[in-house]
Amino acid sequence: MKKDATLRDYVRVIFRHRLVIVTVFITVILTALVGLELQTPVYEAQVTMLVSARKETEAAYYKELLATKSVAITQSQIVMSNLVIERVVKALGLYQQPLDYEKNFSSKLKSVLIDWRLKSVNAKLQELPPEQKQAYLFRMAIENLKQKITVAPIKDTDLFTISVSEFHPVGAAVLANVVSRSYVIFDLEQQLAELQIKYGEKHTAVTQLRNYIEKLNENLDGKPLPDLEAIGPASVKIIEQAKVPLEPVRILSKPLMLIMAFFMSIVLGIMLAFGFEYFDQTFKSPQDVETFLNIPFLGSVPKKKSKDKLLITDTNLTTEYARAFHTLSDEIYLLMKDKNLKSLLVADAEESEETAAFIANLGTFLARKAGHKVIIIDANLRSPSVSGIFNISNSMGLADILEGKVQFENAVQDLGSNLYALPAGETAFNSATLLNTSTMSNIIKKAQEQYELVFINCTDLRNFADTAILSSITDGIAIVINEGRARRQVVQNAISVLEHKKINLIGAILNNRTYVIPKIIYKLV
């Protein structure tokens with residue numbers, strides 16, 4: 001954006017890139033909706049554990065463990081061990097749970113995704129023999145359960161929590177309680193092994209501990225236990241058993257997500273719009289013409305609509321396209337009269353097929369509407385186009401005069417109502433060679449003597465030297481710049497060549513101009 005940009009300039013950027021903003025808006029909102037649909041509500045139950053100092057034996061293993069500062073962290077890693085998790089999987093029969101169990105709680109969209117993900121798994125299971133299939137499912141159940149468990153030490157204490165997530169709230173509490181009890185059983189088994197070594201199989205302490213382990217194994221169903229039984233004699237103790245959670249976790253509120261997506265999409269869309277505007281180096285407004293070229297702005301013509309004809313034959317100004325040419329033709333006539341110009345070379349900044357039509361409409365209005373005697377000379381010998389616009393013959397024209405085959409008066413065609421045209425004609429010679437002669441200069445002089453206004457069509461500024469040759473023998477040159485197509489640096493380079501030759505560059509005309517801001521908003525800003 002320009003340093004002196006106004007509010008209208010910013011609004012124009014937004015409306016010019018409205019398709020980008022709308023696309024981003026729809027994409028972000030749809031992404032948010034799909035993301036919400038892919039979320040399956042998850043409940044989380046939590047058990048609080050204590051690493052106790054009280055042991056049934058004072059084995060070296062426990063002494064060393066208690067001496068460290070990371071007792072809770074060390075014990076928490078044991079929770080995730082296969083010995084603990086396998087006991088849970090067996091006790092609850094998780095390996096028999098359907099692989100698409102989540103579909104009972106998910107949306108239809110998520111169900112489709114689940115089915116798609118399970119295709120390869122089911123195909124692999126069908127190839128396995130029964131025993132290997134059971135082993136594979138058992139292993140999958142272990143890994144799935146590990147992904148649902150989170151163990152977190154409580155800072156500056158010997159406490160830590162075991163959190164288990166599940167799609168059903170009761171299931172979450174059951175899993176958390178069974179995992180914690182399996183962990184306690186594992187700890188008791190370690191103590192039992194130490195006691196058996198120290199006191200033998202029939203010692204009272206060994207028998208009591210074995211009986212407690214068996215009883216705890218019987219309670220691997222997740223149902224709540226009395227607090228004293230839950231605490232037990234283990235070196236790790238269940239301080240607080242899991243309760244059935246009331247609300248799901250790790251799922252975002254749908255209204256909140258949509259509100260955030262709404263504002264994010266608008267902000268992102270506007271940022272992209274200004275990004276595209278920054279990197280777009282074409283001319284998009286009259287201000288661009290004056291700012292980047294430092295030449296007068298002569299006027300503009302809107303983009304031709306499908307109902308508008310290439311050549312305006314109705315001069316009653318019933319369309320915006322016709323009214324623009326009427327205004328522009330008056331301004332150019334007044335400028336030429338003020339500067340005492342009779343011949344005007346009109347050239348496109350870059351290659352375009354619309355320049356000839358532009359000159360034809362300009363000449364038509366000045367001749368048939370304003371009553372001036374106008375001649376249009378097609379000096380674009382490389383690609384003649386004026387004859388096609390007026391639907392006249394191109395068999396004889398400027399090229400034939402330059403080659404000495406015909407006189408000027410015989411090649412000019414009367415189009416009626418003070419409008420005349422000199423087609424380009426046909427030639428096998430290089431156009432620059434023909435145009436760079438005294439004959440061409442004499443043709444321009446003769447046209448200025450016989451007609452009130454002389455408009456010359458030629459090739460574009462960038463590709464050929466024809467424009468530089470013709471501009472030196474005409475009174476002035478006007479540049480036609482197509483909005484959204486002509487690049488700033490290209491036009492600047494072409495104009496610098498003309499300025500170096502001290503050509504009379506009277507200004508620029510913006511063609512195919514678009515008015516992106518609605519009139520009601522344009523008036524407000």
# chains A, B, ... in the order shown; residues from 1 in each chain; ligands from 1
$ select_by_dssp --residues "segment 33-217 of chain A" --states "alpha helix (DSSP H)" --output "ChimeraX atom specification"
/A:33-37,60-67,71-79,82-92,108-127,130-148,169-199,204-217
$ select_by_dssp --residues "segment 39-228 of chain A" --states "strand (DSSP E)" --output "list in words"
Tyr43, Glu44, Ala45, Gln46, Val47, Thr48, Met49, Leu50, Val51, Ile149, Thr150, Val151, Ala152, Pro153, Leu159, Phe160, Thr161, Ile162, Ser163, Val164, Ser165 and Glu166 of chain A
$ closest_residue --among "A:Ile517, A:Val11, A:Ala478, A:Val249" --to "Leu335 of chain A" --atoms "only C-alpha atoms"
A:Ala478
$ residues_around --residues "Glu102 of chain A" --least-positions-apart "2" --cutoff "8 Å" --atoms "only C-alpha atoms" --output "list in words"
Thr40, Leu99, Asp100, Asn104, Phe105, Ser106, Ser111 and Phe167 of chain A
$ write_last_selection --atoms "C-alpha atoms" --output "PDB file, in the first residue's frame"
ATOM      1  CA  THR A  40     -15.033 -38.313  19.932  1.00  0.00           C
ATOM      2  CA  LEU A  99     -11.640 -52.907  16.890  1.00  0.00           C
ATOM      3  CA  ASP A 100     -14.311 -50.395  15.889  1.00  0.00           C
ATOM      4  CA  ASN A 104     -20.435 -46.502  19.370  1.00  0.00           C
ATOM      5  CA  PHE A 105     -19.588 -42.997  20.583  1.00  0.00           C
ATOM      6  CA  SER A 106     -18.343 -41.157  17.466  1.00  0.00           C
ATOM      7  CA  SER A 111     -17.104 -43.724  11.829  1.00  0.00           C
ATOM      8  CA  PHE A 167     -15.111 -43.093  25.596  1.00  0.00           C
TER       9      PHE A 167
END
$ residues_around --residues "segment 319-323 of chain A" --least-positions-apart "2" --cutoff "12 Å" --atoms "only C-alpha atoms" --output "PyMOL selection string"
chain A and resi 300-317+325-330+358+361-362+364-365+369+511-515
$ residues_around --residues "Asn177 of chain A" --least-positions-apart "6" --cutoff "7 Å" --atoms "only C-alpha atoms" --output "VMD selection string"
chain A and resid 47 222 241 to 242
$ closest_residue --among "A:Glu218, A:Glu240, A:Asp460, A:Glu37" --to "Leu50 of chain A" --atoms "only C-alpha atoms"
A:Glu240
$ atom_distance --atom1 "atom CA of Ile479 of chain A" --atom2 "atom CA of Ala347 of chain A"
5.3 Å
$ residues_around --residues "His168 of chain A" --least-positions-apart "3" --cutoff "9 Å" --atoms "only C-alpha atoms" --output "tab-separated table (two decimals) with all heavy atoms, in the first residue's frame"
chain	number	residue	atom	x	y	z
A	41	PRO	N	-16.05	-37.69	22.09
A	41	PRO	CA	-15.98	-37.32	23.52
A	41	PRO	C	-15.20	-38.36	24.33
A	41	PRO	O	-15.43	-39.56	24.20
A	41	PRO	CB	-17.46	-37.28	23.93
A	41	PRO	CG	-18.19	-37.01	22.66
A	41	PRO	CD	-17.42	-37.73	21.59
A	42	VAL	N	-14.27	-37.87	25.13
A	42	VAL	CA	-13.42	-38.75	25.94
A	42	VAL	C	-13.56	-38.36	27.42
A	42	VAL	O	-13.51	-37.18	27.76
A	42	VAL	CB	-11.94	-38.63	25.51
A	42	VAL	CG1	-11.05	-39.42	26.45
A	42	VAL	CG2	-11.76	-39.13	24.08
A	43	TYR	N	-13.75	-39.37	28.26
A	43	TYR	CA	-13.84	-39.14	29.71
A	43	TYR	C	-12.54	-39.61	30.36
A	43	TYR	O	-11.93	-40.57	29.90
A	43	TYR	CB	-15.02	-39.90	30.30
A	43	TYR	CG	-16.36	-39.39	29.81
A	43	TYR	CD1	-16.89	-39.81	28.60
A	43	TYR	CD2	-17.08	-38.48	30.57
A	43	TYR	CE1	-18.11	-39.33	28.14
A	43	TYR	CE2	-18.31	-38.00	30.12
A	43	TYR	CZ	-18.82	-38.43	28.91
A	43	TYR	OH	-20.02	-37.96	28.47
A	105	PHE	N	-19.55	-44.30	19.94
A	105	PHE	CA	-19.59	-43.00	20.58
A	105	PHE	C	-19.25	-41.85	19.62
A	105	PHE	O	-19.37	-40.69	19.99
A	105	PHE	CB	-18.59	-42.96	21.75
A	105	PHE	CG	-18.70	-44.13	22.68
A	105	PHE	CD1	-17.89	-45.25	22.49
A	105	PHE	CD2	-19.61	-44.13	23.72
A	105	PHE	CE1	-17.98	-46.34	23.34
A	105	PHE	CE2	-19.71	-45.22	24.57
A	105	PHE	CZ	-18.90	-46.33	24.38
A	165	SER	N	-8.11	-42.53	30.12
A	165	SER	CA	-9.19	-41.97	29.30
A	165	SER	C	-9.96	-43.08	28.60
A	165	SER	O	-9.38	-44.12	28.24
A	165	SER	CB	-8.62	-41.00	28.27
A	165	SER	OG	-7.68	-41.66	27.43
A	171	GLY	N	-16.54	-46.72	32.05
A	171	GLY	CA	-15.37	-47.46	31.56
A	171	GLY	C	-14.07	-46.80	31.97
A	171	GLY	O	-13.09	-47.48	32.29
A	172	ALA	N	-14.04	-45.46	31.97
A	172	ALA	CA	-12.83	-44.74	32.39
A	172	ALA	C	-12.51	-45.03	33.85
A	172	ALA	O	-11.35	-45.27	34.22
A	172	ALA	CB	-13.01	-43.24	32.15
A	173	ALA	N	-13.54	-45.00	34.73
A	173	ALA	CA	-13.32	-45.27	36.15
A	173	ALA	C	-12.88	-46.70	36.39
A	173	ALA	O	-11.96	-46.97	37.19
A	173	ALA	CB	-14.61	-44.98	36.93
$ residues_around --residues "Lys254 of chain A" --least-positions-apart "3" --cutoff "9 Å" --atoms "only C-alpha atoms" --output "list in words"
Ala32, Leu33, Leu36, Ile251, Met257, Leu258 and Ile259 of chain A
$ atom_distance --atom1 "atom CA of Thr157 of chain A" --atom2 "atom CA of Ile238 of chain A"
14.7 Å
$ closest_residue --among "A:Thr291, A:Ser235, A:Asn457, A:Asn340" --to "Ala360 of chain A" --atoms "only C-alpha atoms"
A:Asn457
$ atom_distance --atom1 "atom CA of Ala468 of chain A" --atom2 "atom CA of Met440 of chain A"
13.4 Å
